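For reference, run01.csv is printed below; it contains CSV, C-alpha atoms.
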chain,number,residue,atom,x,y,z
P,159,MET,CA,0.0,0.0,0.0
P,160,ASN,CA,1.6,3.3,-1.1
P,161,LEU,CA,1.1,6.8,0.3
P,162,ASP,CA,-1.8,7.6,-2.1
P,163,ASP,CA,-3.7,4.4,-1.2
P,164,ALA,CA,-3.3,5.1,2.5
P,165,LEU,CA,-4.4,8.7,1.9
P,166,ALA,CA,-7.4,7.5,0.0
P,167,ASP,CA,-8.4,5.2,2.9
P,168,TRP,CA,-7.9,8.1,5.4
P,169,ALA,CA,-10.0,10.4,3.2
P,170,ALA,CA,-12.8,7.8,3.0
P,171,ALA,CA,-12.9,7.5,6.8
P,172,THR,CA,-12.9,11.3,7.1
P,173,ARG,CA,-15.6,12.2,4.6
P,174,LEU,CA,-19.1,13.0,5.8
P,175,PRO,CA,-21.6,10.2,5.2
P,176,ASP,CA,-24.1,11.0,2.5
P,177,ASN,CA,-27.1,10.6,4.8
P,178,THR,CA,-25.6,13.0,7.3
P,179,ALA,CA,-25.0,15.5,4.5
P,180,ALA,CA,-28.6,15.1,3.3
P,181,GLU,CA,-29.8,15.7,6.9
P,182,ILE,CA,-27.8,18.9,7.1
P,183,TYR,CA,-29.2,20.0,3.8
P,184,GLN,CA,-32.7,19.5,5.0
P,185,ARG,CA,-32.0,21.4,8.2
P,186,ILE,CA,-30.5,24.4,6.3
P,187,ILE,CA,-33.4,24.8,3.9
P,188,ALA,CA,-35.8,24.6,6.8
P,189,THR,CA,-34.3,27.8,8.3
P,190,PRO,CA,-36.3,31.0,7.7
P,191,ALA,CA,-36.1,32.5,4.3
P,192,PRO,CA,-34.0,35.7,4.2
P,193,SER,CA,-37.2,37.7,3.4
P,194,ALA,CA,-38.4,36.9,6.8
P,195,LEU,CA,-35.1,37.9,8.4
P,196,ALA,CA,-34.6,41.3,6.7
P,197,GLY,CA,-37.5,42.7,4.7
P,198,PRO,CA,-38.0,46.2,3.4
P,199,GLY,CA,-40.2,47.0,6.4
P,200,LEU,CA,-39.2,47.8,9.9
P,201,ASN,CA,-37.5,45.2,12.0
P,202,PRO,CA,-40.2,43.6,14.2
P,203,GLY,CA,-38.2,44.5,17.3
P,204,TRP,CA,-38.1,48.2,16.5
P,205,TRP,CA,-41.6,49.0,17.7
P,206,ARG,CA,-41.1,47.1,20.9
P,207,ARG,CA,-37.8,49.0,21.7
P,208,PHE,CA,-39.4,52.3,20.6
P,209,THR,CA,-42.4,52.0,22.9
P,210,ALA,CA,-40.2,50.8,25.8
P,211,GLU,CA,-37.9,53.8,25.4
P,212,CYS,CA,-40.9,56.2,25.2
P,213,ALA,CA,-42.3,54.7,28.4
P,214,VAL,CA,-38.9,55.1,30.2
P,215,ARG,CA,-38.6,58.7,29.1
P,216,ALA,CA,-42.2,59.5,30.2
P,217,ILE,CA,-41.6,58.0,33.6
P,218,THR,CA,-38.2,59.7,34.0
P,219,SER,CA,-39.7,63.1,33.1
P,220,THR,CA,-42.0,62.9,36.1
P,221,GLN,CA,-39.2,62.4,38.5
P,222,PRO,CA,-37.7,65.4,40.4
P,223,VAL,CA,-34.3,66.4,39.1
P,224,PRO,CA,-31.6,65.4,41.6
P,225,VAL,CA,-30.2,68.4,43.4
P,226,GLY,CA,-26.6,67.9,42.3
P,227,ARG,CA,-27.7,68.1,38.6
P,228,LEU,CA,-29.5,71.5,39.0
P,229,ILE,CA,-27.7,74.2,37.0
P,230,PRO,CA,-27.4,77.3,39.2
P,231,ALA,CA,-29.1,80.3,37.8
P,232,GLY,CA,-26.6,82.8,36.4
V,193,MET,CA,-33.4,28.3,-11.6
V,194,ASP,CA,-35.3,28.6,-8.4
V,195,ARG,CA,-33.7,29.4,-5.1
V,196,GLU,CA,-33.7,26.0,-3.6
V,197,ALA,CA,-32.4,24.4,-6.8
V,198,GLU,CA,-29.6,26.9,-7.0
V,199,PHE,CA,-28.7,26.3,-3.3
V,200,GLY,CA,-28.8,22.5,-3.9
V,201,ARG,CA,-26.3,22.9,-6.8
V,202,LEU,CA,-23.9,24.9,-4.6
V,203,TYR,CA,-24.3,22.5,-1.7
V,204,ALA,CA,-23.6,19.5,-3.9
V,205,THR,CA,-20.6,21.2,-5.5
V,206,HIS,CA,-18.9,22.6,-2.5
V,207,ARG,CA,-20.0,20.6,0.6
V,208,ALA,CA,-17.2,18.0,0.4
V,209,THR,CA,-14.5,20.5,0.0
V,210,VAL,CA,-15.8,22.8,2.8
V,211,HIS,CA,-16.0,19.8,5.1
V,212,ALA,CA,-12.5,18.7,4.1
V,213,TYR,CA,-11.3,22.3,4.9
V,214,PHE,CA,-12.7,22.1,8.4
V,215,VAL,CA,-11.3,18.6,8.9
V,216,GLY,CA,-7.9,20.1,8.1
V,217,ARG,CA,-8.5,23.0,10.5
V,218,THR,CA,-10.1,21.2,13.4
V,219,GLY,CA,-9.1,17.6,13.0
V,220,ASP,CA,-12.6,16.3,13.8
V,221,ARG,CA,-15.1,15.4,11.1
V,222,TRP,CA,-18.1,16.1,13.3
V,223,VAL,CA,-17.0,19.5,14.4
V,224,ALA,CA,-16.2,20.0,10.7
V,225,ALA,CA,-19.8,19.0,9.9
V,226,ASP,CA,-21.2,21.6,12.3
V,227,LEU,CA,-19.0,24.3,10.9
V,228,MET,CA,-19.9,23.3,7.3
V,229,GLN,CA,-23.5,23.6,8.2
V,230,GLU,CA,-22.9,27.1,9.5
V,231,VAL,CA,-21.2,28.0,6.2
V,232,PHE,CA,-24.1,26.8,4.1
V,233,VAL,CA,-26.7,28.5,6.3
V,234,ARG,CA,-25.0,31.7,5.4
V,235,VAL,CA,-24.9,30.7,1.7
V,236,TRP,CA,-28.7,29.9,1.9
V,237,GLN,CA,-29.4,33.3,3.6
V,238,ARG,CA,-27.2,35.3,1.3
V,239,LEU,CA,-27.7,33.4,-2.0
V,240,SER,CA,-28.4,36.5,-3.9
V,241,GLU,CA,-24.7,37.7,-3.3
V,242,LEU,CA,-23.5,34.6,-5.1
V,243,GLU,CA,-25.7,35.0,-8.2
V,244,GLY,CA,-23.7,36.1,-11.2
V,245,LYS,CA,-20.4,35.1,-9.8
V,246,SER,CA,-18.1,32.7,-11.6
V,247,SER,CA,-17.5,29.2,-10.3
V,248,ASP,CA,-14.2,30.4,-8.9
V,249,GLY,CA,-15.8,33.5,-7.4
V,250,GLN,CA,-18.5,31.4,-5.7
V,251,ARG,CA,-15.8,29.1,-4.2
V,252,ALA,CA,-13.8,32.1,-3.0
V,253,TRP,CA,-16.9,33.6,-1.4
V,254,ILE,CA,-17.8,30.4,0.3
V,255,PHE,CA,-14.2,29.8,1.6
V,256,THR,CA,-14.1,33.4,2.9
V,257,VAL,CA,-17.1,32.6,5.0
V,258,ALA,CA,-15.4,29.3,6.0
V,259,ARG,CA,-12.2,31.0,7.0
V,260,ASN,CA,-14.0,33.6,9.1
V,261,LEU,CA,-16.0,30.9,10.9
V,262,SER,CA,-12.9,28.8,11.4
V,263,ILE,CA,-11.2,31.8,13.1
V,264,ASP,CA,-14.2,32.3,15.3
V,265,ALA,CA,-14.2,28.6,16.2
V,266,HIS,CA,-10.6,28.7,17.1
V,267,ARG,CA,-11.2,31.6,19.4
V,268,ARG,CA,-14.1,30.0,21.0
V,269,GLN,CA,-12.9,26.4,21.5
V,270,GLY,CA,-9.2,26.4,20.9
V,271,THR,CA,-9.7,23.7,18.3
V,272,ARG,CA,-6.1,24.0,17.0
V,273,ALA,CA,-4.8,22.5,20.3
V,274,GLY,CA,-7.3,19.6,20.0
V,275,ALA,CA,-6.8,18.9,16.3
V,276,GLU,CA,-4.0,16.4,16.7
V,277,GLU,CA,-5.8,14.6,19.5
V,278,ALA,CA,-9.1,14.5,17.6
V,279,LEU,CA,-7.4,13.0,14.5
V,280,ARG,CA,-5.8,10.3,16.7
V,281,ARG,CA,-9.2,9.6,18.3
V,282,GLN,CA,-11.0,8.8,15.0
V,283,PRO,CA,-11.4,5.0,14.7
V,284,PRO,CA,-10.2,3.1,11.7
V,285,PRO,CA,-12.9,2.6,9.0
V,286,GLY,CA,-14.0,-0.9,10.1
V,287,PRO,CA,-12.9,-4.2,11.6
V,288,PRO,CA,-10.1,-5.8,9.6
V,289,ALA,CA,-10.7,-9.4,8.5
V,290,THR,CA,-7.3,-10.5,7.2
V,291,THR,CA,-3.7,-9.9,7.9
V,292,THR,CA,-3.5,-7.7,4.9
V,293,ALA,CA,-6.4,-5.7,6.1
V,294,VAL,CA,-4.8,-5.4,9.6
V,295,ILE,CA,-1.6,-4.1,8.2
V,296,ALA,CA,-3.6,-1.6,6.0
V,297,ALA,CA,-5.6,-0.4,8.9
V,298,GLU,CA,-2.4,0.0,11.0
V,299,ARG,CA,-0.8,2.0,8.2
V,300,VAL,CA,-3.9,4.3,8.0
V,301,ALA,CA,-3.7,4.8,11.8
V,302,VAL,CA,0.0,5.7,11.4
V,303,LEU,CA,-0.9,8.1,8.6
V,304,ARG,CA,-3.7,9.6,10.7
V,305,ALA,CA,-1.3,10.3,13.6
V,306,ALA,CA,1.2,11.8,11.2
V,307,ILE,CA,-1.5,14.0,9.6
V,308,GLY,CA,-2.3,15.2,13.1
V,309,ARG,CA,1.3,16.2,13.7
V,310,LEU,CA,1.5,18.3,10.5
V,311,PRO,CA,1.4,22.1,10.7
V,312,GLU,CA,-2.2,23.3,10.2
V,313,GLN,CA,-1.6,24.9,6.9
V,314,GLN,CA,-0.1,21.8,5.4
V,315,ARG,CA,-2.9,19.6,7.0
V,316,THR,CA,-5.6,21.9,5.5
V,317,ILE,CA,-4.1,21.7,2.0
V,318,LEU,CA,-3.7,18.0,2.3
V,319,ALA,CA,-7.3,17.5,3.4
V,320,LEU,CA,-8.6,19.7,0.6
V,321,THR,CA,-6.6,17.6,-1.9
V,322,ALA,CA,-7.1,14.1,-0.5
V,323,ALA,CA,-10.7,14.4,0.9
V,324,GLY,CA,-12.0,17.4,-1.0
V,325,GLY,CA,-10.6,16.5,-4.4
V,326,LEU,CA,-9.4,20.0,-5.2
V,327,THR,CA,-6.4,20.8,-7.5
V,328,SER,CA,-3.7,23.1,-6.3
V,329,THR,CA,-5.0,25.9,-8.5
V,330,GLU,CA,-8.5,25.5,-7.0
V,331,ILE,CA,-7.1,25.5,-3.5
V,332,ALA,CA,-5.1,28.6,-4.3
V,333,THR,CA,-8.4,30.3,-5.4
V,334,ALA,CA,-10.2,29.1,-2.3
V,335,LEU,CA,-7.6,30.1,0.2
V,336,ARG,CA,-6.3,33.1,-1.6
V,337,VAL,CA,-2.7,31.9,-1.5
V,338,PRO,CA,-0.4,31.5,-4.5
V,339,ALA,CA,-0.6,28.1,-6.3
V,340,GLY,CA,3.1,27.6,-5.9
V,341,THR,CA,2.7,28.0,-2.1
V,342,VAL,CA,-0.1,25.4,-2.2
V,343,ARG,CA,2.1,22.9,-4.1
V,344,TYR,CA,5.1,23.5,-1.8
V,345,ARG,CA,3.1,22.9,1.3
V,346,LEU,CA,1.5,19.8,-0.2
V,347,ALA,CA,4.9,18.5,-1.1
V,348,LEU,CA,6.2,19.1,2.4
V,349,ALA,CA,3.1,17.3,3.9
V,350,ARG,CA,3.5,14.3,1.6
V,351,ARG,CA,7.2,14.1,2.4
V,352,GLY,CA,6.4,14.0,6.1
V,353,LEU,CA,3.7,11.4,5.7
V,354,ALA,CA,5.9,9.3,3.4
V,355,THR,CA,8.6,9.4,6.1
V,356,ALA,CA,6.2,8.3,8.8
V,357,LEU,CA,5.0,5.4,6.7
V,358,ASP,CA,8.5,4.4,5.8
V,359,ASN,CA,9.5,4.4,9.5
V,360,TYR,CA,6.5,2.2,10.2
V,361,ASP,CA,7.4,-0.2,7.4
V,362,ASN,CA,11.1,-0.2,8.2
V,363,PRO,CA,11.5,0.6,11.8
V,364,PRO,CA,14.9,2.0,12.7
V,365,ALA,CA,17.2,-0.6,14.3
V,366,ALA,CA,17.2,-0.5,18.1
V,367,THR,CA,20.3,0.9,19.6
V,368,GLY,CA,22.2,-0.4,22.6
V,369,GLU,CA,21.7,-4.1,21.8
V,370,ARG,CA,24.6,-6.5,21.7

As structure tokens, what does this structure read like?
Amino acid sequence: MNLDDALADWAAATRLPDNTAAEIYQRIIATPAPSALAGPGLNPGWWRRFTAECAVRAITSTQPVPVGRLIPAG
Amino acid sequence: MDREAEFGRLYATHRATVHAYFVGRTGDRWVAADLMQEVFVRVWQRLSELEGKSSDGQRAWIFTVARNLSIDAHRRQGTRAGAEEALRRQPPPGPPATTTAVIAAERVAVLRAAIGRLPEQQRTILALTAAGGLTSTEIATALRVPAGTVRYRLALARRGLATALDNYDNPPAATGER
């Protein structure tokens, strides 16, 4: 057995079995289509973040300003 | 050609070479399978970027993704350190039945250990050649290194492996015996 034969045996033992490759293929094409990931519209998380930020600002605006942060009148 | 058919063509064309690349980088065919899947998920999601590219251009694009993922994987898991051990761990293909088969299996085990000891760049090129079936020119395109460098590294790798097999076939005489 020469080096090429031994390498061919090593390669055969290293390659991915066809059925495993087919399973991986099926898993990949089952992932969401890119159109669902990034469409022309707004990111679905945008509105949630926006409303949360609005709520935080509305609540913060009702709090008294800490004394240390008051700017003395000139 | 519809989207899935185009992806199927790319998968059939490149999956063995991408897997071989990761075998060379990580030394473990199942880790390599996971990384190969990550590469093709990106291909599936960004298929439009590959449209209109030449075959070499598509290979270069896919291997750019593979290289980046490989770097990330090295950072996360330190796979470089485990590559040699993983290559040694892989069992021989099957139970040998005859003396000839036993010797053949032992030689493959010797070869596997020697491949594990190769520098990573040589091992990757060797895997792309032996398991991926790429030519030195195709490997040069994929890895973006000169074809001469690929041939040089491949020659070094083969020389190292030939020496390992030769040492197995003709063990050096023991010293200190009378």

With 9 Å as the limit and counting all atoms listed in the file, what residues in chain V lie close to chain P? Please list them as a PyMOL selection string. chain V and resi 196+199-200+203+207-208+211-212+215+220-222+225-226+229-230+232-233+236-238+282-285+296-297+299-301+303-304+319+322-324+350+353-354+357

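Of note, atom CA of Ala349 of chain V and atom CA of Ser262 of chain V are spaced 21.1 Å apart.
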
Among V:Asn362, V:Gln314, V:Ser328, V:Ser247, Arg345 of chain V is approached most closely, using all atoms listed in the file, by V:Gln314

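We find atom CA of Leu326 of chain V and atom CA of Thr209 of chain V to be spaced 7.3 Å apart.
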
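Of note, atom CA of Ala347 of chain V and atom CA of Phe255 of chain V are spaced 22.4 Å apart.
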
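Comparing V:Arg201, V:Asp248, V:Ala258, V:Asp194 by their smallest distance to Ala224 of chain V, the closest is V:Ala258 (using all atoms listed in the file).
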
Neighbour residues at most 12 Å from (-14.1, 32.4, 6.2) (all atoms listed in the file) as a PDB file with C-alpha atoms, in the coordinates of the input:
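Listing of selection05.pdb after writing:
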ATOM      1  CA  VAL V 210     -15.800  22.800   2.800  1.00  0.00           C
ATOM      2  CA  TYR V 213     -11.300  22.300   4.900  1.00  0.00           C
ATOM      3  CA  PHE V 214     -12.700  22.100   8.400  1.00  0.00           C
ATOM      4  CA  ARG V 217      -8.500  23.000  10.500  1.00  0.00           C
ATOM      5  CA  LEU V 227     -19.000  24.300  10.900  1.00  0.00           C
ATOM      6  CA  MET V 228     -19.900  23.300   7.300  1.00  0.00           C
ATOM      7  CA  GLU V 230     -22.900  27.100   9.500  1.00  0.00           C
ATOM      8  CA  VAL V 231     -21.200  28.000   6.200  1.00  0.00           C
ATOM      9  CA  PHE V 232     -24.100  26.800   4.100  1.00  0.00           C
ATOM     10  CA  ARG V 234     -25.000  31.700   5.400  1.00  0.00           C
ATOM     11  CA  VAL V 235     -24.900  30.700   1.700  1.00  0.00           C
ATOM     12  CA  ARG V 251     -15.800  29.100  -4.200  1.00  0.00           C
ATOM     13  CA  ALA V 252     -13.800  32.100  -3.000  1.00  0.00           C
ATOM     14  CA  TRP V 253     -16.900  33.600  -1.400  1.00  0.00           C
ATOM     15  CA  ILE V 254     -17.800  30.400   0.300  1.00  0.00           C
ATOM     16  CA  PHE V 255     -14.200  29.800   1.600  1.00  0.00           C
ATOM     17  CA  THR V 256     -14.100  33.400   2.900  1.00  0.00           C
ATOM     18  CA  VAL V 257     -17.100  32.600   5.000  1.00  0.00           C
ATOM     19  CA  ALA V 258     -15.400  29.300   6.000  1.00  0.00           C
ATOM     20  CA  ARG V 259     -12.200  31.000   7.000  1.00  0.00           C
ATOM     21  CA  ASN V 260     -14.000  33.600   9.100  1.00  0.00           C
ATOM     22  CA  LEU V 261     -16.000  30.900  10.900  1.00  0.00           C
ATOM     23  CA  SER V 262     -12.900  28.800  11.400  1.00  0.00           C
ATOM     24  CA  ILE V 263     -11.200  31.800  13.100  1.00  0.00           C
ATOM     25  CA  ASP V 264     -14.200  32.300  15.300  1.00  0.00           C
ATOM     26  CA  ALA V 265     -14.200  28.600  16.200  1.00  0.00           C
ATOM     27  CA  ALA V 334     -10.200  29.100  -2.300  1.00  0.00           C
ATOM     28  CA  LEU V 335      -7.600  30.100   0.200  1.00  0.00           C
ATOM     29  CA  ARG V 336      -6.300  33.100  -1.600  1.00  0.00           C
TER      30      ARG V 336
END

Across V:Ile331, V:Ala204, V:Ile307, V:Leu346, the smallest distance to Asp176 of chain P, with all atoms listed in the file counted, is shown by V:Ala204
